[in-house]
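**Student:** Pasting coords27.cif here (mmCIF, C-alpha atoms):
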data_protein
loop_
_atom_site.label_atom_id
_atom_site.label_comp_id
_atom_site.auth_asym_id
_atom_site.auth_seq_id
_atom_site.Cartn_x
_atom_site.Cartn_y
_atom_site.Cartn_z
CA MET J 1339 79.84 24.81 52.49
CA THR J 1340 76.78 27.03 53.08
CA MET J 1341 74.41 28.41 50.46
CA GLN J 1342 75.69 31.90 51.37
CA SER J 1343 79.33 31.00 50.79
CA ASN J 1344 78.42 29.28 47.52
CA ALA J 1345 76.59 32.37 46.39
CA THR J 1346 79.48 34.60 47.44
CA ASP J 1347 81.91 32.48 45.45
CA HIS J 1348 79.49 32.60 42.49
CA ARG J 1349 79.33 36.39 42.58
CA GLU J 1350 83.05 36.86 43.12
CA SER J 1351 83.79 34.62 40.14
CA GLN J 1352 82.23 37.24 37.86
CA ASN J 1353 84.38 39.81 36.08
CA MET J 1354 84.03 42.81 38.40
CA ASP J 1355 85.23 45.49 35.97
CA GLU J 1356 83.03 47.89 34.02
CA GLU J 1357 82.62 45.40 31.17
CA GLY J 1358 80.89 42.98 33.55
CA LYS J 1359 77.85 45.21 34.05
CA MET J 1360 74.61 43.84 32.74
CA LYS J 1361 73.60 44.74 29.20
CA VAL J 1362 70.28 43.91 27.60
CA GLU J 1363 71.96 41.61 25.07
CA ASP J 1364 73.23 39.54 28.04
CA VAL J 1365 69.69 38.72 29.19
CA LYS J 1366 68.74 35.11 28.55
CA SER J 1367 66.51 34.37 31.54
CA VAL J 1368 64.13 36.43 33.69
CA GLY J 1369 63.09 35.48 37.22
CA ILE J 1370 59.72 36.50 38.66
CA VAL J 1371 58.96 36.10 42.36
CA GLY J 1372 55.24 35.81 43.04
CA CYS J 1373 52.47 34.55 40.77
CA GLY J 1374 49.35 36.16 42.21
CA THR J 1375 47.77 39.10 40.39
CA MET J 1376 50.65 40.75 38.52
CA GLY J 1377 53.13 37.89 38.26
CA PRO J 1378 51.29 35.73 35.69
CA THR J 1379 50.73 38.54 33.19
CA ILE J 1380 54.32 39.77 33.57
CA ALA J 1381 55.48 36.18 32.98
CA VAL J 1382 53.56 36.07 29.70
CA ALA J 1383 55.14 39.38 28.65
CA THR J 1384 58.70 38.22 29.39
CA ALA J 1385 58.17 34.71 27.95
CA MET J 1386 57.44 36.25 24.56
CA LYS J 1387 61.21 36.71 24.30
CA TYR J 1388 63.06 35.24 27.29
CA ASP J 1389 63.17 32.06 29.31
CA THR J 1390 61.13 32.87 32.41
CA VAL J 1391 61.37 31.24 35.83
CA VAL J 1392 58.47 32.04 38.16
CA ARG J 1393 58.65 31.23 41.84
CA GLU J 1394 55.74 30.59 44.20
CA ILE J 1395 55.88 29.53 47.85
CA SER J 1396 54.05 26.19 47.57
CA ASP J 1397 53.33 23.46 45.05
CA GLU J 1398 49.62 24.34 45.14
CA LEU J 1399 50.21 28.02 44.36
CA ALA J 1400 52.82 27.10 41.73
CA GLU J 1401 50.29 24.89 39.95
CA LYS J 1402 47.66 27.64 40.06
CA GLY J 1403 50.18 30.13 38.71
CA LYS J 1404 51.23 27.79 35.92
CA ASN J 1405 47.60 27.35 34.88
CA LYS J 1406 46.99 31.11 34.91
CA ILE J 1407 49.99 31.73 32.67
CA ALA J 1408 48.97 28.97 30.25
CA LYS J 1409 45.43 30.37 30.11
CA PHE J 1410 46.65 33.89 29.27
CA ILE J 1411 48.94 32.56 26.53
CA SER J 1412 46.12 30.44 25.07
CA LYS J 1413 43.81 33.45 24.98
CA LEU J 1414 46.37 35.35 22.91
CA ALA J 1415 46.48 32.45 20.46
CA ASP J 1416 42.68 32.21 20.36
CA LYS J 1417 42.50 35.89 19.43
CA GLY J 1418 45.02 35.40 16.62
CA LYS J 1419 47.79 37.35 18.35
CA LEU J 1420 50.05 34.29 18.49
CA SER J 1421 50.55 31.56 15.91
CA GLU J 1422 50.51 27.93 17.05
CA GLU J 1423 54.30 27.89 16.85
CA GLU J 1424 54.61 31.11 18.87
CA HIS J 1425 52.13 29.77 21.43
CA ASP J 1426 54.13 26.58 21.92
CA ALA J 1427 57.42 28.50 22.14
CA CYS J 1428 56.01 30.91 24.73
CA VAL J 1429 54.61 28.09 26.88
CA GLY J 1430 57.93 26.26 26.59
CA ARG J 1431 59.90 29.21 27.92
CA VAL J 1432 58.02 29.27 31.26
CA LYS J 1433 58.93 27.26 34.35
CA VAL J 1434 57.08 27.65 37.64
CA VAL J 1435 59.08 26.52 40.67
CA VAL J 1436 59.00 26.57 44.45
CA GLU J 1437 62.74 26.67 45.16
CA LEU J 1438 64.13 30.21 45.23
CA GLU J 1439 67.57 28.87 44.27
CA LYS J 1440 66.30 28.08 40.76
CA LEU J 1441 66.37 31.81 39.99
CA LYS J 1442 70.14 31.97 40.47
CA ASP J 1443 70.95 32.04 36.75
CA CYS J 1444 68.50 34.82 35.84
CA GLN J 1445 69.90 38.13 34.66
CA VAL J 1446 66.82 40.10 35.74
CA ILE J 1447 64.74 39.48 38.87
CA ILE J 1448 61.23 40.97 39.04
CA ASP J 1449 59.72 41.05 42.52
CA ALA J 1450 55.92 40.65 42.32
CA THR J 1451 55.34 39.49 45.90
CA PRO J 1452 52.61 41.05 48.10
CA ASP J 1453 53.09 44.72 48.97
CA LYS J 1454 54.47 44.07 52.45
CA LEU J 1455 57.88 45.56 53.22
CA GLU J 1456 58.94 42.65 55.43
CA ILE J 1457 58.02 40.03 52.81
CA LYS J 1458 59.78 41.83 49.98
CA SER J 1459 62.85 42.60 52.10
CA GLU J 1460 63.26 38.96 53.13
CA VAL J 1461 62.92 37.68 49.55
CA LEU J 1462 65.25 40.29 48.08
CA SER J 1463 67.91 39.68 50.73
CA ALA J 1464 67.79 35.92 50.06
CA LEU J 1465 68.04 36.48 46.30
CA HIS J 1466 71.05 38.74 46.79
CA GLU J 1467 72.91 35.80 48.30
CA ILE J 1468 71.91 33.52 45.42
CA CYS J 1469 72.29 35.66 42.29
CA PRO J 1470 75.45 36.92 40.54
CA TRP J 1471 76.62 40.40 41.49
CA ASN J 1472 75.47 42.00 38.23
CA THR J 1473 71.91 40.62 38.20
CA VAL J 1474 69.49 43.55 38.20
CA PHE J 1475 66.66 43.50 40.73
CA THR J 1476 63.37 45.30 40.27
CA THR J 1477 60.01 45.48 42.03
CA THR J 1478 56.51 45.95 40.67
CA SER J 1479 55.38 47.86 43.77
CA SER J 1480 53.98 51.36 43.42
CA LEU J 1481 52.99 51.61 47.09
CA LEU J 1482 56.22 50.92 48.99
CA SER J 1483 59.36 53.03 49.04
CA ILE J 1484 61.68 51.97 46.22
CA THR J 1485 64.55 53.43 48.24
CA ALA J 1486 63.72 51.26 51.28
CA LEU J 1487 63.49 48.14 49.10
CA ALA J 1488 66.78 49.02 47.39
CA ALA J 1489 68.46 49.18 50.81
CA ALA J 1490 66.99 45.79 51.74
CA SER J 1491 68.10 44.21 48.45
CA GLY J 1492 71.81 44.17 49.28
CA ARG J 1493 72.57 45.70 45.85
CA PRO J 1494 70.95 49.15 46.03
CA ASP J 1495 72.74 50.51 42.95
CA LYS J 1496 71.31 47.65 40.86
CA PHE J 1497 67.75 47.99 42.16
CA ILE J 1498 64.93 49.92 40.49
CA GLY J 1499 61.13 50.12 40.49
CA THR J 1500 59.16 48.94 37.44
CA HIS J 1501 55.40 49.22 37.86
CA PHE J 1502 53.71 47.35 35.01
CA SER J 1503 50.21 48.31 33.98
CA ILE J 1504 47.96 45.27 34.20
CA PRO J 1505 47.39 43.03 32.40
CA ALA J 1506 51.10 43.35 31.69
CA HIS J 1507 51.05 41.14 28.58
CA LEU J 1508 48.54 43.50 26.92
CA MET J 1509 49.40 46.94 28.34
CA LYS J 1510 52.49 48.73 27.06
CA LEU J 1511 53.12 51.23 29.87
CA VAL J 1512 55.72 50.58 32.58
CA GLU J 1513 56.57 53.23 35.16
CA VAL J 1514 60.27 53.26 36.07
CA ALA J 1515 61.28 54.78 39.40
CA LYS J 1516 64.84 55.08 40.63
CA ALA J 1517 65.70 54.72 44.28
CA ILE J 1518 68.08 57.32 45.70
CA GLN J 1519 70.82 54.68 45.38
CA THR J 1520 70.02 53.45 41.84
CA SER J 1521 72.82 53.97 39.33
CA GLU J 1522 72.27 55.60 35.95
CA GLU J 1523 73.60 52.40 34.34
CA THR J 1524 70.79 50.42 35.99
CA LYS J 1525 68.17 52.89 34.79
CA THR J 1526 69.53 52.79 31.22
CA PHE J 1527 69.63 48.99 31.28
CA MET J 1528 66.04 48.76 32.54
CA PHE J 1529 64.75 51.10 29.84
CA ASP J 1530 66.51 48.95 27.21
CA PHE J 1531 65.18 45.74 28.75
CA LEU J 1532 61.59 46.99 28.83
CA LYS J 1533 61.82 48.18 25.24
CA SER J 1534 63.01 44.69 24.29
CA LEU J 1535 59.63 43.47 25.63
CA ASP J 1536 57.89 46.01 23.37
CA LYS J 1537 56.94 48.12 26.40
CA THR J 1538 56.85 51.88 26.71
CA PRO J 1539 58.79 52.89 29.84
CA ILE J 1540 58.38 56.31 31.44
CA GLU J 1541 60.48 57.68 34.27
CA THR J 1542 58.72 58.85 37.40
CA LYS J 1543 59.62 59.67 41.00
CA ASP J 1544 59.87 57.32 43.99
CA ASN J 1545 56.62 58.57 45.49
CA PRO J 1546 53.52 56.82 46.94
CA GLY J 1547 51.49 55.61 43.96
CA LEU J 1548 54.22 56.66 41.51
CA LEU J 1549 52.37 58.45 38.68
CA VAL J 1550 49.57 56.20 37.42
CA ASN J 1551 48.14 55.27 40.81
CA TRP J 1552 48.61 58.84 42.05
CA LEU J 1553 46.17 59.78 39.28
CA LEU J 1554 44.04 56.62 39.37
CA PHE J 1555 42.95 56.23 42.98
CA PRO J 1556 41.28 59.64 43.35
CA TYR J 1557 39.28 58.68 40.24
CA LEU J 1558 38.32 55.33 41.77
CA SER J 1559 37.40 57.12 44.99
CA ALA J 1560 35.12 59.48 43.06
CA ALA J 1561 33.43 56.53 41.31
CA LEU J 1562 32.81 54.76 44.63
CA LYS J 1563 31.42 57.94 46.18
CA ALA J 1564 29.14 58.49 43.17
CA TYR J 1565 27.80 54.97 43.62
CA SER J 1566 27.30 55.49 47.37
CA LEU J 1567 25.42 58.72 46.69
CA GLY J 1568 23.11 56.90 44.29
CA LEU J 1569 24.25 58.82 41.22
CA GLY J 1570 24.42 55.61 39.22
CA THR J 1571 24.90 51.84 39.37
CA PRO J 1572 28.34 50.31 38.75
CA GLU J 1573 27.12 49.46 35.24
CA ALA J 1574 26.00 53.03 34.59
CA ILE J 1575 29.19 54.58 35.99
CA ASP J 1576 31.36 52.20 33.94
CA THR J 1577 29.39 53.07 30.81
CA ALA J 1578 29.74 56.79 31.55
CA ALA J 1579 33.50 56.41 31.94
CA LYS J 1580 33.85 54.46 28.69
CA LEU J 1581 31.45 56.34 26.42
CA GLY J 1582 31.58 59.76 28.06
CA LEU J 1583 35.25 59.96 29.03
CA GLY J 1584 36.71 57.65 26.39
CA PHE J 1585 38.25 55.23 28.88
CA PRO J 1586 38.70 51.64 27.63
CA ILE J 1587 37.44 50.16 30.91
CA GLY J 1588 35.17 51.46 33.65
CA PRO J 1589 36.32 52.07 37.26
CA PHE J 1590 34.28 49.20 38.72
CA GLN J 1591 35.46 46.78 36.05
CA LEU J 1592 39.02 47.85 36.78
CA MET J 1593 38.62 47.38 40.54
CA ASP J 1594 37.05 43.95 39.98
CA PHE J 1595 39.96 42.89 37.77
CA SER J 1596 42.55 44.23 40.23
CA GLY J 1597 40.86 42.60 43.24
CA LEU J 1598 38.75 44.61 45.67
CA ASP J 1599 40.92 43.45 48.58
CA SER J 1600 43.98 44.78 46.75
CA CYS J 1601 42.17 48.06 46.16
CA VAL J 1602 41.47 48.43 49.89
CA GLU J 1603 45.13 47.75 50.69
CA ALA J 1604 46.26 50.27 48.07
CA PHE J 1605 43.87 52.98 49.25
CA ASN J 1606 45.00 52.47 52.84
CA ALA J 1607 48.70 52.50 51.96
CA LEU J 1608 48.37 55.69 49.91
CA TYR J 1609 46.36 57.46 52.59
CA GLU J 1610 48.72 56.41 55.39
CA GLN J 1611 51.69 57.88 53.51
CA THR J 1612 50.05 61.06 52.21
CA ARG J 1613 47.08 61.82 54.52
CA ASP J 1614 45.39 63.11 51.38
CA PRO J 1615 41.56 62.75 51.55
CA ALA J 1616 41.59 62.00 47.82
CA TYR J 1617 42.73 58.49 48.85
CA THR J 1618 39.73 57.75 51.08
CA TYR J 1619 36.80 55.53 50.10
CA PRO J 1620 33.21 54.94 51.28
CA PRO J 1621 32.32 51.87 53.42
CA ILE J 1622 30.85 49.92 50.48
CA LEU J 1623 34.30 48.86 49.27
CA GLN J 1624 35.24 47.35 52.65
CA LYS J 1625 31.80 45.70 52.89
CA MET J 1626 32.31 44.00 49.52
CA VAL J 1627 35.62 42.57 50.76
CA GLU J 1628 34.03 41.39 54.01
CA ALA J 1629 31.35 39.62 51.96
CA GLY J 1630 34.04 37.80 49.98
CA TYR J 1631 33.14 39.60 46.75
CA LEU J 1632 36.66 40.34 45.56
CA GLY J 1633 36.08 40.67 41.81
CA THR J 1634 36.99 38.39 38.93
CA LYS J 1635 39.10 36.07 41.10
CA THR J 1636 36.04 35.06 43.15
CA GLY J 1637 33.52 35.32 40.30
CA LYS J 1638 31.72 38.28 41.83
CA GLY J 1639 32.58 41.86 42.66
CA PHE J 1640 30.69 44.96 41.62
CA HIS J 1641 29.86 42.88 38.54
CA ASP J 1642 28.96 39.19 38.33
CA TYR J 1643 31.44 36.99 36.44
CA LYS J 1644 29.90 33.55 37.00
#
Could you rewrite the structure in this file as structure tokens?

**Tutor:**
Amino acid sequence: MTMQSNATDHRESQNMDEEGKMKVEDVKSVGIVGCGTMGPTIAVATAMKYDTVVREISDELAEKGKNKIAKFISKLADKGKLSEEEHDACVGRVKVVVELEKLKDCQVIIDATPDKLEIKSEVLSALHEICPWNTVFTTTSSLLSITALAAASGRPDKFIGTHFSIPAHLMKLVEVAKAIQTSEETKTFMFDFLKSLDKTPIETKDNPGLLVNWLLFPYLSAALKAYSLGLGTPEAIDTAAKLGLGFPIGPFQLMDFSGLDSCVEAFNALYEQTRDPAYTYPPILQKMVEAGYLGTKTGKGFHDYK
């Protein structure tokens, strides 16, 4: 018997009436696909309450992801935000795996794979064949069409966008964007689920950048242009943003944390979809990426982290 037929039997064995739809009290396990930038911090957020299964594509990446998650949890304990008992419980709820099939018993699947339509579509289609019919799928992407991903998922009515602010274990905001096909039941469930994680969900439109990045990237563009014009150093511009504008973090610190390569990809994706010059950037950002200065993950970006 094939994996597909097994999965079909698994889904068909569920109660298909209205009572079988997912409710937040049914959630016992959360699956996260991808453990790069967003995945580890989302895993910490979900592991505060739920068993969490994180999938990476190789043993090497899985080990790196596991270490990242453990580090984030330990930092919370070091800062007094978790007791020793809570720390141990949180660590114990996380499993990092390579086999996609190990997500089959999760009630919620969070796609945190790279923002490439073909990658996400392939993963979501495979998960559709593995997971029960009422498992809710969601993606962290704010750059790709939620509607296109919903169509690729095989369960468009149970698919929705959830863009976590990073680091997800510290930031409360989550943007929720329905696809054209998303049911109201799925939206209601996702709001309840996010609130169970002590998050603050807001509804926005399936639009390039959603709401936060629609506002954020013109600001980052302005900061980069100010630097290129010699109006201030990255340190000075970050200080101006924090002390003059009241922001908790400066634009260059934020880009370093996000990854300068990811920023280039995001700028390009937003501009390609909108043709809005607000989403352009000066050459210095691309030059930093070419030099291998990607931010905190390489130890050097606009600031030095070594």

**Student:** Once the PyMOL selection byres ((chain J and resi 1538) around 6) is applied to the coordinates I shared, what remains selected? I want it as an mmCIF file with C-alpha atoms, in the frame of the given file.

**Tutor:**
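Printed below is part18.cif as written:
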data_model
loop_
_atom_site.group_PDB
_atom_site.id
_atom_site.type_symbol
_atom_site.label_atom_id
_atom_site.label_comp_id
_atom_site.auth_asym_id
_atom_site.auth_seq_id
_atom_site.Cartn_x
_atom_site.Cartn_y
_atom_site.Cartn_z
ATOM 1 C CA LYS J 1510 52.490 48.730 27.060
ATOM 2 C CA LEU J 1511 53.120 51.230 29.870
ATOM 3 C CA LYS J 1537 56.940 48.120 26.400
ATOM 4 C CA PRO J 1539 58.790 52.890 29.840
#

**Student:** Of the residues J:Lys1525, J:Ala1415, J:Gly1597, J:Thr1477, which is the one nearest to Val1627 of chain J, using only C-alpha atoms?

**Tutor:** J:Gly1597

**Student:** When the PyMOL selection byres ((chain J and resi 1390) around 12) is applied to the file above, which residues end up in the set, as a ChimeraX atom specification?

**Tutor:** /J:1365-1371,1377-1389,1391-1393,1404,1407,1427-1435,1440-1441,1443-1448

**Student:** Pick out the closest residue to Trp1471 of chain J from this set: J:Pro1452, J:Met1360, J:Lys1635, J:Ala1561. Count only C-alpha atoms.

**Tutor:**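 Checking each of J:Pro1452, J:Met1360, J:Lys1635, J:Ala1561 against Trp1471 of chain J, counting only C-alpha atoms, the winner is J:Met1360.
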
**Student:** Give me, as a list in words, all polymer residues having an atom no more than 7 Å from segment 1606-1616 of chain J, counting all atoms listed in the file and skipping those fewer than 3 positions away in the same chain.

**Tutor:**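 Surrounding residues, per the criterion: Leu1481, Pro1546, Gly1547, Pro1556, Val1602 and Glu1603 of chain J.
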
**Student:** What are the centre and the three edge lengths of an axis-aligned box that wraps all atoms of segment 1536-1547 of chain J in the file, given that 5 Å is added to every side, written as AutoDock Vina command-line options and rounded to one decimal in Å?

**Tutor:**
--center_x 56.0 --center_y 52.8 --center_z 35.2 --size_x 19.0 --size_y 23.7 --size_z 33.6

**Student:** Nearest to Val1461 of chain J among J:Glu1628, J:Asp1426, J:Glu1513, J:Glu1394, with distances taken over all atoms listed in the file: which residue is it?

**Tutor:** J:Glu1394

**Student:** Calculate how many Å separate atom CA of Thr1526 of chain J from atom CA of Lys1543 of chain J, rounding to one decimal.

**Tutor:**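 These atoms are spaced 15.5 Å apart.
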
**Student:** Do you know which residues are at most 12 Å from Glu1523 of chain J counting only C-alpha atoms, after dropping those on the same chain fewer than 2 positions away, and could you put them as a JSON list (two decimals) with C-alpha atoms, in the frame of the given file?

**Tutor:**
[["chain", "number", "residue", "atom", "x", "y", "z"],
["J", 1356, "GLU", "CA", 83.03, 47.89, 34.02],
["J", 1357, "GLU", "CA", 82.62, 45.40, 31.17],
["J", 1358, "GLY", "CA", 80.89, 42.98, 33.55],
["J", 1359, "LYS", "CA", 77.85, 45.21, 34.05],
["J", 1360, "MET", "CA", 74.61, 43.84, 32.74],
["J", 1361, "LYS", "CA", 73.60, 44.74, 29.20],
["J", 1362, "VAL", "CA", 70.28, 43.91, 27.60],
["J", 1472, "ASN", "CA", 75.47, 42.00, 38.23],
["J", 1474, "VAL", "CA", 69.49, 43.55, 38.20],
["J", 1495, "ASP", "CA", 72.74, 50.51, 42.95],
["J", 1496, "LYS", "CA", 71.31, 47.65, 40.86],
["J", 1497, "PHE", "CA", 67.75, 47.99, 42.16],
["J", 1498, "ILE", "CA", 64.93, 49.92, 40.49],
["J", 1516, "LYS", "CA", 64.84, 55.08, 40.63],
["J", 1519, "GLN", "CA", 70.82, 54.68, 45.38],
["J", 1520, "THR", "CA", 70.02, 53.45, 41.84],
["J", 1521, "SER", "CA", 72.82, 53.97, 39.33],
["J", 1525, "LYS", "CA", 68.17, 52.89, 34.79],
["J", 1526, "THR", "CA", 69.53, 52.79, 31.22],
["J", 1527, "PHE", "CA", 69.63, 48.99, 31.28],
["J", 1528, "MET", "CA", 66.04, 48.76, 32.54],
["J", 1529, "PHE", "CA", 64.75, 51.10, 29.84],
["J", 1530, "ASP", "CA", 66.51, 48.95, 27.21]]

**Student:** Step by step: start from the point (32.7, 49.9, 35.2) in the file's coordinates, keep every protein, DNA or RNA residue that has an atom no farther than 10 Å from it, count only C-alpha atoms, and write the set as a PyMOL selection string.

**Tutor:** chain J and resi 1561+1571-1580+1585-1594+1640-1641

**Student:** Do you have the atom CA of Trp1552 of chain J-atom CA of Gly1492 of chain J distance handy?

**Tutor:**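 Separation of atom CA of Trp1552 of chain J and atom CA of Gly1492 of chain J: 28.4 Å.
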
**Student:** Go ahead and compute the interatomic distance for atom CA of Ser1483 of chain J and atom CA of Ala1506 of chain J, in Å to one decimal.

**Tutor:**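 The value is 21.5 Å.
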
**Student:** Run the PyMOL selection byres ((chain J and resi 1620) around 12) mentally over the shown coordinates, then write out the matched residues as a list in words, using the chain letters and numbers from the document.

**Tutor:** Leu1558, Ser1559, Ala1560, Ala1561, Leu1562, Lys1563, Ala1564, Tyr1565, Ser1566, Leu1567, Val1602, Phe1605, Pro1615, Ala1616, Tyr1617, Thr1618, Tyr1619, Pro1621, Ile1622, Leu1623, Gln1624, Lys1625 and Met1626 of chain J

**Student:** Skipping near chain neighbours, those fewer than 6 positions away, what residues fall within 12 Å of Ala1490 of chain J using only C-alpha atoms, listed as a list in words?

**Tutor:**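 Non-adjacent residues within range: Leu1455, Glu1456, Ile1457, Lys1458, Ser1459, Glu1460, Val1461, Leu1462, Ser1463, Ala1464, Leu1465, His1466, Phe1475, Thr1477, Ser1483, Ile1484, Lys1496, Phe1497, Ala1517 and Gln1519 of chain J.
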
**Student:** Tell me which of J:Leu1438, J:Leu1532, J:Leu1508, J:Ala1400 sits closest to Leu1414 of chain J, counting only C-alpha atoms.

**Tutor:** J:Leu1508

**Student:** Pick out the closest residue to Asp1449 of chain J from this set: J:His1507, J:Lys1533, J:Lys1644, J:His1501. Count only C-alpha atoms.

**Tutor:**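 Looking only at the distances to Asp1449 of chain J, the closest residue turns out to be J:His1501.
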
**Student:** Can segment 1375-1383 of chain J be brought up to all heavy atoms and written out as a tab-separated table (two decimals), in the frame of the given file?

**Tutor:**
chain	number	residue	atom	x	y	z
J	1375	THR	N	48.52	38.26	41.33
J	1375	THR	CA	47.77	39.10	40.39
J	1375	THR	C	48.65	39.57	39.24
J	1375	THR	O	48.32	39.38	38.07
J	1375	THR	CB	47.18	40.32	41.11
J	1375	THR	OG1	46.29	39.86	42.14
J	1375	THR	CG2	46.38	41.19	40.14
J	1376	MET	N	49.80	40.17	39.56
J	1376	MET	CA	50.65	40.75	38.52
J	1376	MET	C	51.60	39.73	37.90
J	1376	MET	O	51.89	39.78	36.71
J	1376	MET	CB	51.44	41.93	39.08
J	1376	MET	CG	50.59	43.11	39.50
J	1376	MET	SD	51.56	44.59	39.85
J	1376	MET	CE	51.99	45.12	38.20
J	1377	GLY	N	52.10	38.81	38.72
J	1377	GLY	CA	53.13	37.89	38.26
J	1377	GLY	C	52.79	37.11	36.99
J	1377	GLY	O	53.61	37.05	36.07
J	1378	PRO	N	51.59	36.52	36.90
J	1378	PRO	CA	51.29	35.73	35.69
J	1378	PRO	C	51.30	36.53	34.40
J	1378	PRO	O	51.81	36.06	33.38
J	1378	PRO	CB	49.88	35.18	35.98
J	1378	PRO	CG	49.77	35.19	37.47
J	1378	PRO	CD	50.54	36.39	37.92
J	1379	THR	N	50.76	37.75	34.43
J	1379	THR	CA	50.73	38.54	33.19
J	1379	THR	C	52.11	39.07	32.84
J	1379	THR	O	52.44	39.20	31.66
J	1379	THR	CB	49.71	39.69	33.28
J	1379	THR	OG1	50.13	40.65	34.26
J	1379	THR	CG2	48.33	39.19	33.64
J	1380	ILE	N	52.93	39.36	33.84
J	1380	ILE	CA	54.32	39.77	33.57
J	1380	ILE	C	55.08	38.58	32.98
J	1380	ILE	O	55.88	38.74	32.05
J	1380	ILE	CB	55.00	40.29	34.84
J	1380	ILE	CG1	54.32	41.56	35.33
J	1380	ILE	CG2	56.49	40.56	34.58
J	1380	ILE	CD1	54.81	42.06	36.67
J	1381	ALA	N	54.82	37.39	33.50
J	1381	ALA	CA	55.48	36.18	32.98
J	1381	ALA	C	55.17	35.97	31.51
J	1381	ALA	O	56.05	35.60	30.72
J	1381	ALA	CB	55.06	34.96	33.80
J	1382	VAL	N	53.92	36.20	31.12
J	1382	VAL	CA	53.56	36.07	29.70
J	1382	VAL	C	54.34	37.10	28.87
J	1382	VAL	O	54.87	36.78	27.80
J	1382	VAL	CB	52.05	36.25	29.50
J	1382	VAL	CG1	51.70	36.20	28.01
J	1382	VAL	CG2	51.27	35.17	30.25
J	1383	ALA	N	54.42	38.32	29.38
J	1383	ALA	CA	55.14	39.38	28.65
J	1383	ALA	C	56.61	39.04	28.47
J	1383	ALA	O	57.17	39.22	27.37
J	1383	ALA	CB	54.99	40.72	29.39
